[in-house]
Each structure stands twice: as C-alpha cells, then as structure tokens.
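Participant: Data: coords_22.csv, CSV, C-alpha atoms.
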chain,number,residue,atom,x,y,z
A,1,MET,CA,-20.3,11.7,-17.7
A,2,LYS,CA,-22.3,9.7,-15.2
A,3,ARG,CA,-22.3,6.7,-17.5
A,4,LEU,CA,-18.6,6.9,-18.1
A,5,LEU,CA,-17.9,7.2,-14.4
A,6,ALA,CA,-20.1,4.1,-13.8
A,7,ILE,CA,-17.7,2.1,-16.0
A,8,LEU,CA,-15.0,2.4,-13.3
A,9,LEU,CA,-17.2,2.7,-10.3
A,10,LEU,CA,-19.4,-0.4,-10.9
A,11,THR,CA,-20.3,-1.7,-7.4
A,12,PRO,CA,-18.4,-4.9,-6.5
A,13,TRP,CA,-21.5,-6.7,-5.3
A,14,LEU,CA,-23.0,-6.5,-8.8
A,15,LEU,CA,-20.1,-8.8,-9.8
A,16,ALA,CA,-20.5,-11.2,-6.9
A,17,GLY,CA,-22.9,-13.4,-8.9
A,18,CYS,CA,-20.7,-13.7,-11.9
A,19,GLU,CA,-19.9,-17.3,-12.7
A,20,GLN,CA,-16.3,-18.1,-13.4
A,21,ASP,CA,-15.8,-20.0,-16.5
A,22,ASP,CA,-13.6,-23.1,-16.0
A,23,GLU,CA,-11.4,-22.3,-19.0
A,24,ILE,CA,-11.5,-18.5,-19.4
A,25,LEU,CA,-10.3,-17.5,-15.9
A,26,PRO,CA,-7.2,-19.8,-15.8
A,27,ASP,CA,-6.4,-18.8,-19.4
A,28,GLN,CA,-6.4,-15.1,-18.5
A,29,GLN,CA,-4.3,-15.7,-15.4
A,30,LYS,CA,-1.8,-17.7,-17.4
A,31,ARG,CA,-1.6,-15.1,-20.2
A,32,ILE,CA,-1.2,-12.1,-17.8
A,33,VAL,CA,1.6,-13.9,-15.9
A,34,SER,CA,3.2,-14.8,-19.3
A,35,PHE,CA,3.1,-11.1,-20.3
A,36,LEU,CA,4.5,-9.9,-17.0
A,37,THR,CA,7.4,-12.4,-17.0
A,38,SER,CA,8.3,-12.2,-20.7
A,39,SER,CA,7.1,-9.1,-22.6
A,40,HIS,CA,6.6,-6.5,-19.9
A,41,SER,CA,9.3,-3.9,-19.6
A,42,PRO,CA,10.9,-4.3,-17.2
A,43,ARG,CA,10.5,-8.0,-17.2
A,44,LEU,CA,9.0,-9.0,-13.8
A,45,VAL,CA,9.3,-11.9,-11.4
A,46,SER,CA,6.6,-13.0,-9.0
A,47,GLU,CA,7.0,-11.8,-5.4
A,48,ALA,CA,7.4,-15.4,-4.3
A,49,GLU,CA,10.6,-15.7,-6.5
A,50,LEU,CA,12.4,-12.8,-4.9
A,51,GLU,CA,15.5,-13.6,-3.0
A,52,GLU,CA,16.4,-11.7,0.2
A,53,ASN,CA,17.8,-8.2,-0.5
A,54,SER,CA,16.9,-8.5,-4.2
A,55,GLN,CA,16.2,-5.3,-6.2
A,56,LEU,CA,14.5,-7.1,-9.1
A,57,PRO,CA,11.2,-5.6,-10.3
A,58,PHE,CA,8.3,-7.9,-9.3
A,59,TYR,CA,4.6,-8.3,-9.3
A,60,THR,CA,2.3,-9.2,-6.5
A,61,VAL,CA,-1.1,-11.1,-6.7
A,62,ALA,CA,-4.2,-10.1,-4.8
A,63,GLY,CA,-7.7,-11.7,-4.8
A,64,ASP,CA,-8.4,-14.2,-7.4
A,65,ALA,CA,-6.3,-12.5,-10.1
A,66,VAL,CA,-5.1,-9.0,-9.7
A,67,TYR,CA,-1.5,-8.6,-10.7
A,68,ARG,CA,0.2,-5.4,-9.4
A,69,TYR,CA,3.5,-3.8,-10.3
A,70,ILE,CA,4.6,-0.8,-8.3
A,71,GLU,CA,7.2,1.1,-10.3
A,72,SER,CA,8.3,3.2,-7.3
A,73,TYR,CA,8.6,0.2,-4.9
A,74,TYR,CA,12.4,0.6,-4.4
A,75,ASN,CA,12.4,4.4,-3.9
A,76,PRO,CA,14.4,4.8,-0.7
A,77,ASP,CA,11.9,7.5,0.5
A,78,ARG,CA,8.9,5.2,0.0
A,79,VAL,CA,8.8,3.9,3.5
A,80,ASN,CA,7.9,7.5,4.7
A,81,TRP,CA,4.9,7.8,2.3
A,82,PRO,CA,1.4,7.3,3.7
A,83,VAL,CA,0.1,3.8,3.1
A,84,VAL,CA,-3.4,3.0,1.6
A,85,THR,CA,-5.4,0.9,4.1
A,86,GLU,CA,-9.0,-0.5,4.0
A,87,GLU,CA,-10.0,2.7,5.9
A,88,SER,CA,-8.1,5.3,3.9
A,89,LYS,CA,-9.4,8.1,1.7
A,90,VAL,CA,-7.3,8.4,-1.4
A,91,THR,CA,-7.3,10.2,-4.7
A,92,ILE,CA,-5.9,8.7,-7.8
A,93,THR,CA,-5.2,9.7,-11.4
A,94,PHE,CA,-5.8,6.7,-13.7
A,95,ARG,CA,-5.9,5.2,-17.2
A,96,ALA,CA,-8.1,2.1,-17.8
A,97,TYR,CA,-7.5,-0.2,-20.7
A,98,LEU,CA,-8.9,-3.3,-22.2
A,99,PHE,CA,-6.2,-5.9,-22.0
A,100,ALA,CA,-7.6,-8.6,-24.3
A,101,ASN,CA,-4.5,-8.7,-26.5
A,102,TYR,CA,-2.1,-9.2,-23.5
A,103,SER,CA,0.5,-6.9,-25.0
A,104,THR,CA,2.5,-3.8,-23.9
A,105,ILE,CA,0.4,-0.7,-23.3
A,106,THR,CA,2.2,2.3,-24.8
A,107,GLU,CA,1.6,6.0,-24.9
A,108,LYS,CA,-0.3,5.5,-28.2
A,109,THR,CA,-2.7,3.0,-26.6
A,110,ILE,CA,-6.1,4.7,-26.0
A,111,PRO,CA,-7.7,4.1,-22.6
A,112,PHE,CA,-11.4,3.3,-22.5
A,113,PHE,CA,-11.6,5.7,-19.5
A,114,THR,CA,-9.2,8.1,-17.8
A,115,ASN,CA,-9.1,11.2,-15.6
A,116,ASP,CA,-5.5,11.9,-16.6
A,117,PRO,CA,-5.2,15.6,-17.4
A,118,LEU,CA,-2.3,14.9,-19.8
A,119,LEU,CA,-4.9,13.2,-22.1
A,120,GLU,CA,-7.6,15.9,-21.8
A,121,LYS,CA,-6.6,17.8,-25.0
A,122,ALA,CA,-6.3,14.6,-27.0
A,123,PHE,CA,-9.8,13.5,-25.9
A,124,TYR,CA,-11.3,16.8,-26.8
A,125,ASP,CA,-9.5,16.7,-30.2
A,126,ILE,CA,-11.2,13.4,-31.0
A,127,GLY,CA,-14.6,14.7,-30.2
A,128,LEU,CA,-15.3,14.5,-26.5
A,129,THR,CA,-17.4,17.5,-25.5
A,130,PRO,CA,-15.8,19.6,-22.8
A,131,GLY,CA,-17.4,19.0,-19.4
A,132,GLU,CA,-18.7,15.6,-20.2
A,133,TRP,CA,-15.7,13.9,-18.6
A,134,SER,CA,-13.9,14.8,-15.5
A,135,PHE,CA,-10.1,15.1,-15.6
A,136,THR,CA,-9.7,15.7,-11.8
A,137,PRO,CA,-8.3,13.1,-9.4
A,138,LEU,CA,-10.8,10.4,-8.4
A,139,ALA,CA,-11.6,10.4,-4.7
A,140,VAL,CA,-12.0,7.0,-3.2
A,141,ASP,CA,-13.2,6.2,0.3
A,142,MET,CA,-11.8,2.7,0.9
A,143,ALA,CA,-14.2,2.0,3.8
A,144,SER,CA,-17.3,2.5,1.6
A,145,THR,CA,-16.0,2.2,-1.9
A,146,ASP,CA,-18.0,1.3,-5.0
A,147,ILE,CA,-15.0,0.9,-7.3
A,148,ILE,CA,-14.4,-2.4,-9.1
A,149,LYS,CA,-12.9,-5.2,-6.9
A,150,GLY,CA,-9.7,-5.4,-8.8
A,151,LEU,CA,-8.9,-1.7,-8.4
A,152,TYR,CA,-9.8,-1.9,-4.7
A,153,LEU,CA,-7.4,-4.8,-4.2
A,154,ALA,CA,-4.7,-3.1,-6.2
A,155,LEU,CA,-4.9,0.0,-4.1
A,156,VAL,CA,-4.6,-1.6,-0.6
A,157,GLY,CA,-0.9,-1.5,0.4
A,158,CYS,CA,0.1,1.2,-2.1
A,159,ARG,CA,1.6,4.4,-0.8
A,160,GLN,CA,1.0,8.1,-1.7
A,161,GLY,CA,3.2,8.8,-4.7
A,162,ASP,CA,3.2,5.2,-6.0
A,163,GLN,CA,2.9,4.7,-9.8
A,164,VAL,CA,1.1,1.4,-10.2
A,165,GLU,CA,0.1,-1.0,-13.0
A,166,ALA,CA,-2.7,-3.4,-12.2
A,167,TYR,CA,-3.7,-6.2,-14.5
A,168,MET,CA,-6.9,-8.1,-13.7
A,169,THR,CA,-8.9,-11.0,-15.0
A,170,TYR,CA,-12.5,-10.4,-16.0
A,171,ASN,CA,-13.9,-11.5,-12.6
A,172,MET,CA,-12.0,-8.8,-10.9
A,173,ALA,CA,-13.1,-6.2,-13.4
A,174,TYR,CA,-16.5,-6.2,-15.1
A,175,GLY,CA,-17.6,-9.8,-15.0
A,176,ASP,CA,-19.2,-12.1,-17.5
A,177,LYS,CA,-21.7,-9.6,-18.9
A,178,ASN,CA,-21.3,-6.9,-21.6
A,179,PHE,CA,-20.9,-3.6,-19.7
A,180,SER,CA,-21.2,-0.4,-21.7
A,181,ILE,CA,-18.3,-0.5,-24.2
A,182,ILE,CA,-16.5,-3.4,-22.4
A,183,PRO,CA,-17.1,-6.8,-23.9
A,184,ARG,CA,-18.0,-9.6,-21.5
A,185,GLU,CA,-15.2,-11.5,-19.8
A,186,SER,CA,-12.6,-8.8,-20.7
A,187,PRO,CA,-9.3,-8.6,-18.8
A,188,VAL,CA,-8.5,-5.0,-17.8
A,189,ALA,CA,-5.4,-3.0,-17.0
A,190,ILE,CA,-5.5,0.1,-14.9
A,191,PHE,CA,-2.4,2.3,-14.6
A,192,PHE,CA,-2.7,4.8,-11.7
A,193,THR,CA,-0.8,7.2,-9.5
A,194,VAL,CA,-1.8,7.5,-5.8
A,195,ASN,CA,-2.0,11.3,-5.5
A,196,SER,CA,-3.0,11.5,-1.8
A,197,VAL,CA,-3.8,9.3,1.2
A,198,GLU,CA,-5.6,10.4,4.3
Could you show the structure in this file as structure tokens?
Facilitator:
Amino acid sequence: MKRLLAILLLTPWLLAGCEQDDEILPDQQKRIVSFLTSSHSPRLVSEAELEENSQLPFYTVAGDAVYRYIESYYNPDRVNWPVVTEESKVTITFRAYLFANYSTITEKTIPFFTNDPLLEKAFYDIGLTPGEWSFTPLAVDMASTDIIKGLYLALVGCRQGDQVEAYMTYNMAYGDKNFSIIPRESPVAIFFTVNSVE
C-alpha cells in the first residue's frame, strides 16, 4: 500500500528538477484544451471566454498546465461551502487516470490509483488483496502537503462538496522519469470530491 500511496503523494520538490521538453509540454497543453473544448461532456470554454452572468460550463488554468473543471460551480449553495486555502486541511475521494489518449474517461475506465469506496469491490474482484489499498478519504494538510503539484493547484479554491476534474501535463504530475506504473512524461487526470475542509 505504501508504494501505491507514493504514486499520488510524490513530493513536489522531486519534480522541481524535471526538464520541460520544448515540444512535449506545449503539445500536451494543446491536446488537453482541445479535448475540453470539443470532446468533453459538457463542452467547456476557458474562464477567460466567459461573458458576465454566463452559466456556461468552463475550465480554469493553474500553474504551468493544470486544467480544472468544477462540476458543482453553479450550485446556488456553493458560496456557503468552506473554501480550500493554502492553509486548509482537507479530505478527498479521488480517481487518478493516465490521460495519454486525451479522450473521455468513462465509468469503464480503470484508474491507476483510487480511494473511491465505490470501486473497492471491483478492485478486489480483479485480484487486489484486501488491506493492501486504502479506500478511506485521503487527508491533505495544504500547509505541509506532499501531494503532486497538479493536485495541490487543483485543490486551492475548491469548496467542500465540489466535484472536480483536473487534467494536468506531465510536469504537474510525475515528470520526465518513469515512476512506478506511470510512463515518463504522462499527462494525468484526477477526478475528486472534496469531502471536508477545515
């Protein structure tokens, strides 16, 4: 379980020395934006394109290349939900996917790592030994976090109860080295729910 948890909790400073390839990074950025604005359901626009009082679904960009869609953004009660800051303590339920094919992630897409209890039985059915993987919410202390940079950036500004899709280029995820089961320079998508914010 420790090795699997390390996949998501790789310390950001380990990635600080990763060189950004002049072609790979812009290509991944372009392909993620193309997916979000054409194939994603619902089709998204960038936050910069939103007109005043618009209710269109949109994505935001953080860091070098973390693209975030908050499904619950227009919920009228959302303004009352606690917000995630750089000092918050949060818990999340997540599904992490390789995003190398830049196509829609469905219920049939298998995550490379998850703590979603809805998938627990399915993972045991395919051979995961009970107890080797935690299906409890992940606790994150934003002030001293060791999660990957892309997930950290995607969390800041979310609110308790938000359902979020975060798509990130390799430099915001696991960098330019092979890491466990994740090939080098892999874009990643992490879908998560913010369970609690303190």
Participant: Using only C-alpha atoms, which of A:Leu25, A:Thr60, A:Trp133, A:Tyr152 sits nearest Lys121 (chain A)?
Facilitator: A:Trp133
Participant: Counting all atoms listed in the file, which residues come within 6 Å of (-9.5, 2.6, -17.4), with the point read in the file's coordinates, and could you list them as JSON, numbers by chain?
Facilitator: {"A": [95, 96, 97, 111, 112, 113, 114, 190]}
Participant: Which polymer residues have any atom within 9 Å of an atom of Ile182 (chain A), counting only C-alpha atoms, with same-chain residues fewer than 5 positions away left out, as a PDB file with C-alpha atoms, in the frame of the given file?
Facilitator:
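See selection22.pdb below for the written result:
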ATOM      1  CA  ILE A   7     -17.700   2.100 -16.000  1.00  0.00           C
ATOM      2  CA  LEU A  98      -8.900  -3.300 -22.200  1.00  0.00           C
ATOM      3  CA  PHE A 112     -11.400   3.300 -22.500  1.00  0.00           C
ATOM      4  CA  TYR A 174     -16.500  -6.200 -15.100  1.00  0.00           C
ATOM      5  CA  LYS A 177     -21.700  -9.600 -18.900  1.00  0.00           C
TER       6      LYS A 177
END
Participant: Work out how far apart CA of Gln28 (chain A) and CA of Tyr167 (chain A) are and give it in Å to one decimal.
Facilitator: 10.1 Å
Participant: I need every residue sitting at most 7 Å from the point (-7.0, 9.4, -1.4) (coordinates as in the file, all atoms listed in the file considered), written as a VMD selection string.
Facilitator: chain A and resid 88 to 92 139 to 140 195 to 198
Participant: So which residues touch Glu120 (chain A) within 10 Å, counting all atoms listed in the file, skipping near sequence neighbours fewer than 3 positions away, as a list in words?
Facilitator: Thr114, Asn115, Asp116, Pro117, Phe123, Tyr124, Asp125, Leu128, Pro130, Trp133, Ser134 and Phe135 of chain A
Participant: CA of Gln163 (chain A) and CA of Gly131 (chain A), how far apart in Å?
Facilitator: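 Atom-to-atom, CA of Gly131 (chain A) to CA of Gln163 (chain A), that is 26.6 Å.
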Participant: Find, counting only C-alpha atoms, the residue in A:Met142, A:Ile147, A:Ile110, A:Ala100 that gets nearest to Val188 (chain A).
Facilitator: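 Ranking A:Met142, A:Ile147, A:Ile110, A:Ala100 by distance to Val188 (chain A), first place goes to A:Ala100.
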Participant: Work out how far apart CA of Ser54 (chain A) and CA of Pro82 (chain A) are and give it in Å to one decimal.
Facilitator: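 Between CA of Ser54 (chain A) and CA of Pro82 (chain A) the gap works out to 23.5 Å.
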Participant: List as a short mmCIF file (atom, residue, chain, number, x, y, z; two decimals) with C-alpha atoms, in the frame of the given file the protein and nucleic acid residues near Phe58 (chain A), meaning an atom at most 6 Å away when all atoms listed in the file are counted, but skip any in the same chain fewer than 4 places from it.
Facilitator:
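For reference, result.cif as written:
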data_model
loop_
_atom_site.label_atom_id
_atom_site.label_comp_id
_atom_site.auth_asym_id
_atom_site.auth_seq_id
_atom_site.Cartn_x
_atom_site.Cartn_y
_atom_site.Cartn_z
CA LEU A 44 9.00 -9.00 -13.80
CA VAL A 45 9.30 -11.90 -11.40
CA SER A 46 6.60 -13.00 -9.00
CA GLU A 47 7.00 -11.80 -5.40
#
Participant: Of the residues A:Cys158, A:Leu118, A:Ile126, A:Val33, which is the one nearest to Val79 (chain A), using all atoms listed in the file?
Facilitator: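 For Val79 (chain A), the nearest of the candidates is A:Cys158.
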Participant: Counting all atoms listed in the file, which residue out of A:Gly150, A:Pro57, A:Pro183, A:Pro26 sits closest to Met168 (chain A)?
Facilitator: A:Gly150
Participant: Can you work out which one of A:Val194, A:Met172, A:Glu132, A:Arg68 has the shortest atom-to-atom distance to Gln160 (chain A), counting only C-alpha atoms?
Facilitator: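 Using only C-alpha atoms, the shortest distance to Gln160 (chain A) belongs to A:Val194.
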Participant: Please return the centre and edge lengths, in Å to one decimal, of a box with edges along x, y and z that contains all listed atoms of region 62-81 of chain A, widened by 3 Å on every side, as JSON.
Facilitator:
{"center_x": 3.0, "center_y": -3.2, "center_z": -3.0, "size_x": 28.8, "size_y": 28.0, "size_z": 21.4}
Participant: Kindly indicate which residue among A:Ser103, A:Asn80, A:Thr136, A:Asn178 lies nearest to Ser38 (chain A), using all atoms listed in the file for the distances.
Facilitator: A:Ser103
